[in-house]
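So the structure is just underneath, and the comments pick up after that.
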Amino acid sequence: MVEALGVAVVGFGWMGRVHTQAYARLPHHFPQLTARPHLVAVADEVPGRAERAAAQYGFASATRDWREIAADPRVGAVSVTAPNFLHREIGVAMARAGKHLWIEKPVGLTAADARAVADAAAESGVRGTVGFNYRNAPAVAAAREMLAAGEIGTVTHVRIRLFSDYAAHPEGALTWRYERARGGSGVLGDLASHGVDLARHLLGEIGSLTADTAVFVPRRARPGGATAGHSRATGGEPGPVENEDYVNCLLRFTSGARGVLEACRVSVGEQNAYGFEVHGTAGALFWDFRRMGELGVSRGTGYQDQPVSTVHVGPGHGEYAAFQPGAATAMGYDDLKVIEAYHFLRSITGPGTWGATLDDAVAAAQALDAMARSAEERTWVHLA
């Protein structure tokens, strides 16, 4: 029996739209779900934005005040896609109101913020899913299975990269993303958080790390009005960029493996260059988000001069079969969020917990805090 689940979205920028579209697509790709999302309410503080979202996507109501959603008995689950500095307040309030949470990363500005949301959810008995979407790629799922099965031997080292140019233009507006008070960290929370999640998802816990950070575009112009995405601003009052553009980090895993994680938001010529290289005693795995359906695989007994093959993922890898019937048909970013929504509703309806959890968000946030501390103190920081 399929039952309606009232859902709401708080914050209707690009990510709010992505969540909404994922809810709408769920019955198409995962008809076996026993809960059918119903778009009850949308909130955004920008005048007119929530109303436009309601008209376009069919939300039953719109508001500028997210607190109305917390008090709305029609709402059973909430997507929190507002700016980072609001995640703790909204997440805790929604959890205490008994709303299940699908919340974007980072879950607050610090590990303490993420822990507060996780604790509130645990105390209220609600489920929480976090927007670490890259782990949902079928090729990543395939890589995880191969690593668990020991198909490339014992993992020795990994390199994870997340390069983008979204902040490379010097006229990029000085939005909340570049402020400590509202954005928290810079590329740490935005991109390196995904890298930490991929590292833990594939290789297990991080024992210690050392990091270095830098700001390469130190000043930007303040925007003259509301912004969306990564808008440009010219002629506005200039102000300082308060958080990092770049981070590199050495990782030591509790397994004994070593790692390098590097992330940058001002990499000219790099657009969503996200991926990893995992090396083991008998092989290696390679994945690039821009070729999401391909997994480079080297395995066998050749060792020296051992070739690399390209595996095109298909049914049997992760949730690929919910989208395409045969291998090598491309999937896209939004498909990963549909999978994330599936894990969210599957966790709500039970049994079991699926996808990235609030505990994963806490672990990632602890690693990010450790990176910031390491960069400031120029030392190794121990996590476990």
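Residue numbering restarts at 1 for every chain of the structure tokens, chains are lettered A, B, ... in their displayed order, and ligands are numbered from 1 as they appear.
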
Might you pull out every residue within 12 Å of Thr301 (chain A), with only C-alpha atoms counted and same-chain residues fewer than 3 positions away left off, and present them as a list of chain:residue names? A:Glu151, A:Ile152, A:Gly153, A:Thr281, A:Ala282, A:Gly283, A:Ser298, A:Gln304, A:Asp305, A:Gln306, A:Pro307

Closest-contact table, region 95-184 of chain A side, partner region 188-211 of chain A, 7 Å, counting only C-alpha atoms, as a Markdown table:
```
| residue | atom | partner | partner_atom | distance |
| --- | --- | --- | --- | --- |
| A:Pro106 | CA | A:Gly189 | CA | 5.5 |
| A:Phe132 | CA | A:His194 | CA | 6.0 |
| A:Arg135 | CA | A:Leu198 | CA | 6.2 |
| A:Arg144 | CA | A:Leu202 | CA | 5.4 |
| A:Ile160 | CA | A:Gly195 | CA | 6.3 |
| A:Leu162 | CA | A:Leu191 | CA | 6.3 |
```

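Between CA of Gly300 (chain A) and CA of Thr154 (chain A) lies a distance of 13.0 Å.
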
Running DSSP on the backbone, which parts of region 95-298 of chain A land in alpha helix (DSSP H), as a ChimeraX atom specification? /A:95-96,111-124,138-148,180-183,187,193-203

Nearest residue to Val92 (chain A) out of A:Ala370, A:Leu358, A:Ala328, A:Ala22, using only C-alpha atoms? A:Leu358

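Surrounding region 360-364 of chain A within 6 Å are Ala111, Ala114, Arg115 and Val196 of chain A, with only C-alpha atoms counted and residues fewer than 6 positions along the same chain left out.
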
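Between Leu285 (chain A) and the residues A:Val297, A:Ala4, A:Ala365, A:Val117, the shortest atom-to-atom distance, using only C-alpha atoms, involves A:Val297.
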
Region 146-166 of chain A residues near region 266-270 of chain A within 10 Å, closest pair each, using only C-alpha atoms, as JSON lines:
```
{"residue": "A:Leu162", "atom": "CA", "partner": "A:Glu270", "partner_atom": "CA", "distance": 9.4}
{"residue": "A:Phe163", "atom": "CA", "partner": "A:Glu270", "partner_atom": "CA", "distance": 6.0}
{"residue": "A:Ser164", "atom": "CA", "partner": "A:Glu270", "partner_atom": "CA", "distance": 5.1}
{"residue": "A:Asp165", "atom": "CA", "partner": "A:Val266", "partner_atom": "CA", "distance": 4.7}
{"residue": "A:Tyr166", "atom": "CA", "partner": "A:Val266", "partner_atom": "CA", "distance": 6.6}
```

So that I have them on file, write out the residues from the current selection with C-alpha atoms, as a CSV table (one decimal), in the first residue's frame.
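Saved as out39.csv:
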```
chain,number,residue,atom,x,y,z
A,162,LEU,CA,37.7,18.3,-6.5
A,163,PHE,CA,38.6,21.2,-8.8
A,164,SER,CA,36.1,23.8,-10.1
A,165,ASP,CA,36.1,27.3,-11.6
A,166,TYR,CA,32.8,28.6,-10.1
```

Can you tell me which residues surround Phe323 (chain A) at a distance of at most 8 Å, considering only C-alpha atoms, apart from same-chain residues fewer than 4 positions away, and format the answer as a VMD selection string? chain A and resid 29 319 331

Just the selected residues (C-alpha atoms), exported as a PDB file, in the first residue's frame, please.
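So the final result, stored in selection.pdb, reads:
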```pdb
ATOM      1  CA  HIS A  29      12.252   5.391 -11.051  1.00  0.00           C
ATOM      2  CA  GLU A 319      20.895   1.943  -8.649  1.00  0.00           C
ATOM      3  CA  MET A 331      23.358   9.256 -16.315  1.00  0.00           C
TER       4      MET A 331
END
```

Contacts of Gly316 (chain A) within 12 Å, only C-alpha atoms, excl. fewer than 3 positions in-chain, as a ChimeraX atom specification: /A:138-139,141-142,145,312-313,319-327

List the neighbours of region 34-38 of chain A out to 9 Å using only C-alpha atoms; skip same-chain residues closer than 2 positions along the sequence, and give me the result as a PDB file with C-alpha atoms, in the first residue's frame.
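Saved the output as selection18.pdb:
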```
ATOM      1  CA  MET A   1       0.000   0.000   0.000  1.00  0.00           C
ATOM      2  CA  VAL A   2       1.352   3.404  -1.009  1.00  0.00           C
ATOM      3  CA  GLU A   3       0.846   6.292   1.409  1.00  0.00           C
ATOM      4  CA  ALA A   4       1.343  10.022   0.799  1.00  0.00           C
ATOM      5  CA  LEU A   5       4.217  11.721   2.606  1.00  0.00           C
ATOM      6  CA  GLY A   6       3.978  15.476   2.894  1.00  0.00           C
ATOM      7  CA  VAL A   7       7.322  17.065   2.006  1.00  0.00           C
ATOM      8  CA  ALA A   8       8.567  20.637   2.134  1.00  0.00           C
ATOM      9  CA  TYR A  23      10.802  14.155  -5.311  1.00  0.00           C
ATOM     10  CA  ALA A  24       8.713  14.449  -8.479  1.00  0.00           C
ATOM     11  CA  LEU A  26      10.792   9.228  -7.442  1.00  0.00           C
ATOM     12  CA  PRO A  27       7.625   7.334  -8.482  1.00  0.00           C
ATOM     13  CA  PRO A  31       7.708   2.684  -7.892  1.00  0.00           C
ATOM     14  CA  GLN A  32       8.323   0.086  -5.189  1.00  0.00           C
ATOM     15  CA  VAL A  40       3.105  20.485   0.624  1.00  0.00           C
ATOM     16  CA  PHE A  59       3.536  23.095  -3.885  1.00  0.00           C
ATOM     17  CA  ALA A  60       0.276  23.501  -1.991  1.00  0.00           C
ATOM     18  CA  ALA A  77       9.770  15.414   5.787  1.00  0.00           C
ATOM     19  CA  LEU A 345      12.352   7.785   1.783  1.00  0.00           C
ATOM     20  CA  ARG A 346      13.583   4.215   2.067  1.00  0.00           C
ATOM     21  CA  ILE A 348      11.897   6.714   6.576  1.00  0.00           C
ATOM     22  CA  THR A 349       9.734   3.744   5.638  1.00  0.00           C
TER      23      THR A 349
END
```

Distance CA of Arg25 (chain A)-CA of Trp287 (chain A), one decimal place?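 Separation between CA of Arg25 (chain A) and CA of Trp287 (chain A): 26.5 Å.
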
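With only C-alpha atoms as the atoms that count, the residue of A:Ile69, A:Val10, A:Val18, A:Leu33 with the shortest distance to Ala50 (chain A) is A:Val10.
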